[in-house]
$ cat structure_29.pdb   # PDB, C-alpha atoms (C1' of nucleotides)
ATOM      1  CA  MET A 658      15.443  82.641  43.919  1.00  0.00           C
ATOM      2  CA  SER A 659      15.206  86.091  42.427  1.00  0.00           C
ATOM      3  CA  TRP A 660      15.173  89.046  44.732  1.00  0.00           C
ATOM      4  CA  GLU A 661      13.159  91.245  42.418  1.00  0.00           C
ATOM      5  CA  ALA A 662      10.047  91.008  44.578  1.00  0.00           C
ATOM      6  CA  VAL A 663      12.116  92.142  47.539  1.00  0.00           C
ATOM      7  CA  TYR A 664      13.459  95.152  45.694  1.00  0.00           C
ATOM      8  CA  ARG A 665      10.036  96.178  44.487  1.00  0.00           C
ATOM      9  CA  TRP A 666       8.708  95.975  48.016  1.00  0.00           C
ATOM     10  CA  VAL A 667      11.583  97.971  49.444  1.00  0.00           C
ATOM     11  CA  GLN A 668      10.979 100.580  46.772  1.00  0.00           C
ATOM     12  CA  GLN A 669       7.613 101.323  48.330  1.00  0.00           C
ATOM     13  CA  ILE A 670       9.019 102.325  51.692  1.00  0.00           C
ATOM     14  CA  PRO A 671       8.453 106.073  51.967  1.00  0.00           C
ATOM     15  CA  ARG A 672      11.212 108.522  52.727  1.00  0.00           C
ATOM     16  CA  GLY A 673      11.823 108.887  56.436  1.00  0.00           C
ATOM     17  CA  ARG A 674      10.327 105.510  57.298  1.00  0.00           C
ATOM     18  CA  VAL A 675      11.983 102.147  57.928  1.00  0.00           C
ATOM     19  CA  VAL A 676      11.067  98.462  58.180  1.00  0.00           C
ATOM     20  CA  THR A 677      12.883  95.517  59.747  1.00  0.00           C
ATOM     21  CA  TYR A 678      14.327  92.460  58.011  1.00  0.00           C
ATOM     22  CA  GLY A 679      11.790  90.287  59.792  1.00  0.00           C
ATOM     23  CA  GLN A 680       8.931  92.507  58.701  1.00  0.00           C
ATOM     24  CA  LEU A 681      10.091  92.301  55.121  1.00  0.00           C
ATOM     25  CA  ALA A 682      10.496  88.536  55.316  1.00  0.00           C
ATOM     26  CA  ARG A 683       7.022  88.040  56.724  1.00  0.00           C
ATOM     27  CA  ALA A 684       5.395  90.411  54.277  1.00  0.00           C
ATOM     28  CA  LEU A 685       6.833  88.506  51.334  1.00  0.00           C
ATOM     29  CA  ARG A 686       6.755  85.095  53.005  1.00  0.00           C
ATOM     30  CA  LEU A 687      10.453  84.535  52.368  1.00  0.00           C
ATOM     31  CA  ARG A 688      11.383  80.945  53.091  1.00  0.00           C
ATOM     32  CA  GLY A 689      14.499  81.597  55.077  1.00  0.00           C
ATOM     33  CA  GLY A 690      12.967  84.298  57.195  1.00  0.00           C
ATOM     34  CA  ALA A 691      14.698  87.513  58.155  1.00  0.00           C
ATOM     35  CA  ARG A 692      18.126  86.228  57.195  1.00  0.00           C
ATOM     36  CA  THR A 693      16.991  85.711  53.658  1.00  0.00           C
ATOM     37  CA  ALA A 694      15.791  89.290  53.592  1.00  0.00           C
ATOM     38  CA  GLY A 695      19.275  90.312  54.627  1.00  0.00           C
ATOM     39  CA  ARG A 696      20.862  88.276  51.867  1.00  0.00           C
ATOM     40  CA  ALA A 697      18.613  89.863  49.303  1.00  0.00           C
ATOM     41  CA  LEU A 698      19.645  93.310  50.418  1.00  0.00           C
ATOM     42  CA  ALA A 699      23.301  92.367  50.517  1.00  0.00           C
ATOM     43  CA  ALA A 700      22.960  91.546  46.826  1.00  0.00           C
ATOM     44  CA  CYS A 701      21.090  94.759  46.194  1.00  0.00           C
ATOM     45  CA  PRO A 702      22.040  96.197  42.800  1.00  0.00           C
ATOM     46  CA  ARG A 703      23.288  99.748  42.991  1.00  0.00           C
ATOM     47  CA  GLY A 704      22.197 102.515  40.753  1.00  0.00           C
ATOM     48  CA  ARG A 705      18.550 101.597  40.696  1.00  0.00           C
ATOM     49  CA  GLY A 706      17.494 103.920  43.458  1.00  0.00           C
ATOM     50  CA  ILE A 707      16.576 101.154  45.820  1.00  0.00           C
ATOM     51  CA  PRO A 708      16.328 102.659  49.331  1.00  0.00           C
ATOM     52  CA  TRP A 709      18.241  99.810  50.999  1.00  0.00           C
ATOM     53  CA  GLN A 710      19.073 102.031  53.942  1.00  0.00           C
ATOM     54  CA  ARG A 711      15.465 101.853  55.099  1.00  0.00           C
ATOM     55  CA  VAL A 712      15.770  98.265  56.277  1.00  0.00           C
ATOM     56  CA  VAL A 713      17.127  97.806  59.805  1.00  0.00           C
ATOM     57  CA  GLY A 714      17.362  95.179  62.530  1.00  0.00           C
ATOM     58  CA  ALA A 715      14.397  94.123  64.643  1.00  0.00           C
ATOM     59  CA  GLU A 716      15.243  96.642  67.335  1.00  0.00           C
ATOM     60  CA  GLY A 717      16.283  99.441  65.114  1.00  0.00           C
ATOM     61  CA  LYS A 718      19.963  98.596  65.084  1.00  0.00           C
ATOM     62  CA  LEU A 719      21.987  98.936  61.920  1.00  0.00           C
ATOM     63  CA  LEU A 720      23.380  95.477  61.220  1.00  0.00           C
ATOM     64  CA  LEU A 721      25.839  96.297  58.489  1.00  0.00           C
ATOM     65  CA  ARG A 722      29.551  96.417  59.064  1.00  0.00           C
ATOM     66  CA  GLU A 723      31.584  99.518  58.708  1.00  0.00           C
ATOM     67  CA  PRO A 724      31.892 101.539  56.703  1.00  0.00           C
ATOM     68  CA  LEU A 725      28.464 100.726  55.339  1.00  0.00           C
ATOM     69  CA  ALA A 726      26.652 101.208  58.628  1.00  0.00           C
ATOM     70  CA  GLN A 727      27.969 104.718  58.817  1.00  0.00           C
ATOM     71  CA  LEU A 728      26.704 105.460  55.329  1.00  0.00           C
ATOM     72  CA  GLN A 729      23.325 104.011  56.193  1.00  0.00           C
ATOM     73  CA  ARG A 730      23.044 106.158  59.271  1.00  0.00           C
ATOM     74  CA  ARG A 731      23.994 109.234  57.336  1.00  0.00           C
ATOM     75  CA  LEU A 732      21.427 108.519  54.641  1.00  0.00           C
ATOM     76  CA  LEU A 733      18.675 107.899  57.159  1.00  0.00           C
ATOM     77  CA  GLU A 734      19.422 111.000  59.146  1.00  0.00           C
ATOM     78  CA  ALA A 735      19.419 112.954  55.923  1.00  0.00           C
ATOM     79  CA  GLU A 736      15.829 111.943  55.362  1.00  0.00           C
ATOM     80  CA  GLY A 737      14.801 112.865  58.861  1.00  0.00           C
ATOM     81  CA  VAL A 738      15.033 109.555  60.671  1.00  0.00           C
ATOM     82  CA  HIS A 739      15.737 110.053  64.347  1.00  0.00           C
ATOM     83  CA  PHE A 740      18.149 107.867  66.284  1.00  0.00           C
ATOM     84  CA  ALA A 741      18.142 107.042  69.983  1.00  0.00           C
ATOM     85  CA  GLY A 742      21.738 106.074  70.648  1.00  0.00           C
ATOM     86  CA  ASP A 743      22.616 103.470  68.043  1.00  0.00           C
ATOM     87  CA  ARG A 744      19.055 102.594  67.135  1.00  0.00           C
ATOM     88  CA  VAL A 745      16.443 104.013  64.874  1.00  0.00           C
ATOM     89  CA  ASP A 746      13.435 105.125  66.857  1.00  0.00           C
ATOM     90  CA  LEU A 747      11.099 102.480  65.507  1.00  0.00           C
ATOM     91  CA  THR A 748       8.032 103.642  67.366  1.00  0.00           C
ATOM     92  CA  ARG A 749       8.300 106.801  65.356  1.00  0.00           C
ATOM     93  CA  HIS A 750       9.601 105.666  61.995  1.00  0.00           C
ATOM     94  CA  ARG A 751       8.449 102.116  61.377  1.00  0.00           C
ATOM     95  CA  TRP A 752       6.486 101.823  58.183  1.00  0.00           C
ATOM     96  CA  ARG A 753       3.584  99.447  57.930  1.00  0.00           C
ATOM     97  CA  PRO A 754       2.381  98.823  54.387  1.00  0.00           C
ATOM     98  CA  ASP A 755      -1.155 100.044  54.119  1.00  0.00           C
ATOM     99  CA  ARG A 756      -3.609  97.365  53.055  1.00  0.00           C
ATOM    100  CA  ALA A 757      -5.392 100.017  51.049  1.00  0.00           C
ATOM    101  CA  ARG A 758      -2.304 100.151  48.880  1.00  0.00           C
ATOM    102  CA  ARG A 759      -2.534  96.553  47.882  1.00  0.00           C
ATOM    103  CA  ARG A 760      -6.314  96.193  47.777  1.00  0.00           C
ATOM    104  CA  ARG A 761      -8.808  98.764  46.693  1.00  0.00           C
ATOM    105  CA  ARG A 762      -9.661 101.720  48.774  1.00  0.00           C
ATOM    106  CA  SER A 763     -11.750 100.950  51.784  1.00  0.00           C
ATOM    107  CA  ARG A 764     -14.399 103.587  52.001  1.00  0.00           C
ATOM    108  CA  GLY A 765     -15.966 104.853  55.151  1.00  0.00           C
ATOM    109  CA  ALA A 766     -12.917 104.121  57.214  1.00  0.00           C
ATOM    110  CA  VAL A 767     -13.669 104.663  60.848  1.00  0.00           C
ATOM    111  CA  LEU A 768     -11.833 107.683  61.862  1.00  0.00           C
TER     112      LEU A 768
ATOM    113  C1'  DC B1183      30.917  66.617  49.364  1.00  0.00           C
ATOM    114  C1'  DA B1184      32.159  69.305  54.065  1.00  0.00           C
ATOM    115  C1'  DT B1185      32.412  73.737  56.160  1.00  0.00           C
ATOM    116  C1'  DC B1186      32.041  78.349  56.869  1.00  0.00           C
ATOM    117  C1'  DT B1187      29.740  82.670  56.601  1.00  0.00           C
ATOM    118  C1'  DG B1188      26.600  86.159  56.657  1.00  0.00           C
ATOM    119  C1'  DA B1189      22.809  93.273  56.155  1.00  0.00           C
ATOM    120  C1'  DC B1190      18.300  87.975  61.329  1.00  0.00           C
ATOM    121  C1'  DG B1191      15.727  87.191  65.160  1.00  0.00           C
ATOM    122  C1'  DA B1192      13.443  84.440  68.832  1.00  0.00           C
ATOM    123  C1'  DC B1193      14.625  82.539  73.146  1.00  0.00           C
ATOM    124  C1'  DC B1194      16.916  81.747  77.435  1.00  0.00           C
ATOM    125  C1'  DG B1195      19.997  82.414  81.711  1.00  0.00           C
TER     126       DG B1195
ATOM    127  C1'  DG C1227      20.569  94.768  78.895  1.00  0.00           C
ATOM    128  C1'  DC C1228      24.010  91.281  77.373  1.00  0.00           C
ATOM    129  C1'  DG C1229      25.959  87.108  75.574  1.00  0.00           C
ATOM    130  C1'  DG C1230      25.131  82.260  73.796  1.00  0.00           C
ATOM    131  C1'  DT C1231      22.299  78.917  70.977  1.00  0.00           C
ATOM    132  C1'  DC C1232      19.671  77.601  67.312  1.00  0.00           C
ATOM    133  C1'  DG C1233      17.014  77.464  62.865  1.00  0.00           C
ATOM    134  C1'  DC C1234      17.432  79.290  58.479  1.00  0.00           C
ATOM    135  C1'  DC C1235      19.700  78.860  53.431  1.00  0.00           C
ATOM    136  C1'  DA C1236      22.522  80.463  49.265  1.00  0.00           C
ATOM    137  C1'  DG C1237      27.292  81.113  47.907  1.00  0.00           C
ATOM    138  C1'  DA C1238      32.038  80.815  48.571  1.00  0.00           C
ATOM    139  C1'  DT C1239      36.079  78.078  49.635  1.00  0.00           C
TER     140       DT C1239
END
$ encode --input "structure_29.pdb" --output "structure tokens"
Amino acid sequence: MSWEAVYRWVQQIPRGRVVTYGQLARALRLRGGARTAGRALAACPRGRGIPWQRVVGAEGKLLLREPLAQLQRRLLEAEGVHFAGDRVDLTRHRWRPDRARRRRRSRGAVL
DNA sequence: CATCTGACGACCG
DNA sequence: GCGGTCGCCAGAT
């Protein structure tokens, strides 16, 4: 399986926002679930500007091993992501892909 | 071919 | 909240 679709999806995550491995897996219907999402990121090619640091565990924990976790935390904090202890504050930073992005604009949104 | 090993997460005691 | 189990699956040994 090629991870290209995963990388393209991750590319869309805005600065300062994060998603979880499970979220990513469900969004792309990855066969192996969240773990497969993790594998894809582990194989993430460097130098292509893929914001890999914006993918975290289901409860906001950073699941990488040192020293990578430390780098991830630093990168996230640098873009304004707030941590509560060792977790990203998901209620504040979780990104949910907007359907309007994938489909065409829905007019007259109820607001 | 057998096993082990992950950048997971739901579930249970 | 914490630790153990289990399903998942591609690569490495």
$ residues_around --input "structure_29.pdb" --residues "DG1188 of chain B" --least-positions-apart "3" --cutoff "12 Å" --atoms "all atoms listed in the file" --output "list of chain:residue names"
A:Arg692, A:Thr693, A:Ala694, A:Gly695, A:Arg696, A:Ala697, A:Leu698, A:Ala699, A:Ala700, A:Leu720, A:Leu721, A:Arg722, C:DC1234, C:DC1235, C:DA1236, C:DG1237, C:DA1238
$ resolve_selection --input "structure_29.pdb" --expression "the PyMOL selection byres ((chain C and resi 1229-1233) around 12)" --output "PDB file with C-alpha atoms (C1' of nucleotides), keeping the file's coordinate frame"
ATOM      1  CA  ARG A 688      11.383  80.945  53.091  1.00  0.00           C
ATOM      2  CA  GLY A 689      14.499  81.597  55.077  1.00  0.00           C
ATOM      3  CA  GLY A 690      12.967  84.298  57.195  1.00  0.00           C
ATOM      4  CA  ALA A 691      14.698  87.513  58.155  1.00  0.00           C
ATOM      5  CA  ARG A 692      18.126  86.228  57.195  1.00  0.00           C
TER       6      ARG A 692
ATOM      7  C1'  DC B1190      18.300  87.975  61.329  1.00  0.00           C
ATOM      8  C1'  DG B1191      15.727  87.191  65.160  1.00  0.00           C
ATOM      9  C1'  DA B1192      13.443  84.440  68.832  1.00  0.00           C
ATOM     10  C1'  DC B1193      14.625  82.539  73.146  1.00  0.00           C
ATOM     11  C1'  DC B1194      16.916  81.747  77.435  1.00  0.00           C
ATOM     12  C1'  DG B1195      19.997  82.414  81.711  1.00  0.00           C
TER      13       DG B1195
ATOM     14  C1'  DG C1227      20.569  94.768  78.895  1.00  0.00           C
ATOM     15  C1'  DC C1228      24.010  91.281  77.373  1.00  0.00           C
ATOM     16  C1'  DC C1234      17.432  79.290  58.479  1.00  0.00           C
ATOM     17  C1'  DC C1235      19.700  78.860  53.431  1.00  0.00           C
TER      18       DC C1235
END
$ residues_around --input "structure_29.pdb" --residues "Val675 of chain A" --least-positions-apart "6" --cutoff "6 Å" --atoms "all atoms listed in the file" --output "VMD selection string"
chain A and resid 711 to 712 750 to 752
$ resolve_selection --input "structure_29.pdb" --expression "the PyMOL selection byres ((chain A and resi 753) around 12)" --output "PyMOL selection string"
chain A and resi 666-667+669-671+674-677+680-681+683-684+747-752+754-758
$ atom_distance --input "structure_29.pdb" --atom1 "atom CA of Lys718 of chain A" --atom2 "atom CA of Asp743 of chain A"
6.3 Å
$ atom_distance --input "structure_29.pdb" --atom1 "atom CA of Gly706 of chain A" --atom2 "atom CA of Ser659 of chain A"
18.0 Å
$ atom_distance --input "structure_29.pdb" --atom1 "atom CA of Ala662 of chain A" --atom2 "atom CA of Glu734 of chain A"
26.5 Å
$ residues_near_point --input "structure_29.pdb" --point "(19.9, 108.9, 59.9)" --cutoff "12 Å" --atoms "all atoms listed in the file" --output "MDAnalysis selection string"
chainID A and resid 672:675 710:713 717:719 726:746 750
$ write_last_selection --input "structure_29.pdb" --atoms "C-alpha atoms" --output "mmCIF file, in the coordinates of the input"
data_model
loop_
_atom_site.group_PDB
_atom_site.id
_atom_site.type_symbol
_atom_site.label_atom_id
_atom_site.label_comp_id
_atom_site.auth_asym_id
_atom_site.auth_seq_id
_atom_site.Cartn_x
_atom_site.Cartn_y
_atom_site.Cartn_z
ATOM 1 C CA ARG A 672 11.212 108.522 52.727
ATOM 2 C CA GLY A 673 11.823 108.887 56.436
ATOM 3 C CA ARG A 674 10.327 105.510 57.298
ATOM 4 C CA VAL A 675 11.983 102.147 57.928
ATOM 5 C CA GLN A 710 19.073 102.031 53.942
ATOM 6 C CA ARG A 711 15.465 101.853 55.099
ATOM 7 C CA VAL A 712 15.770 98.265 56.277
ATOM 8 C CA VAL A 713 17.127 97.806 59.805
ATOM 9 C CA GLY A 717 16.283 99.441 65.114
ATOM 10 C CA LYS A 718 19.963 98.596 65.084
ATOM 11 C CA LEU A 719 21.987 98.936 61.920
ATOM 12 C CA ALA A 726 26.652 101.208 58.628
ATOM 13 C CA GLN A 727 27.969 104.718 58.817
ATOM 14 C CA LEU A 728 26.704 105.460 55.329
ATOM 15 C CA GLN A 729 23.325 104.011 56.193
ATOM 16 C CA ARG A 730 23.044 106.158 59.271
ATOM 17 C CA ARG A 731 23.994 109.234 57.336
ATOM 18 C CA LEU A 732 21.427 108.519 54.641
ATOM 19 C CA LEU A 733 18.675 107.899 57.159
ATOM 20 C CA GLU A 734 19.422 111.000 59.146
ATOM 21 C CA ALA A 735 19.419 112.954 55.923
ATOM 22 C CA GLU A 736 15.829 111.943 55.362
ATOM 23 C CA GLY A 737 14.801 112.865 58.861
ATOM 24 C CA VAL A 738 15.033 109.555 60.671
ATOM 25 C CA HIS A 739 15.737 110.053 64.347
ATOM 26 C CA PHE A 740 18.149 107.867 66.284
ATOM 27 C CA ALA A 741 18.142 107.042 69.983
ATOM 28 C CA GLY A 742 21.738 106.074 70.648
ATOM 29 C CA ASP A 743 22.616 103.470 68.043
ATOM 30 C CA ARG A 744 19.055 102.594 67.135
ATOM 31 C CA VAL A 745 16.443 104.013 64.874
ATOM 32 C CA ASP A 746 13.435 105.125 66.857
ATOM 33 C CA HIS A 750 9.601 105.666 61.995
#
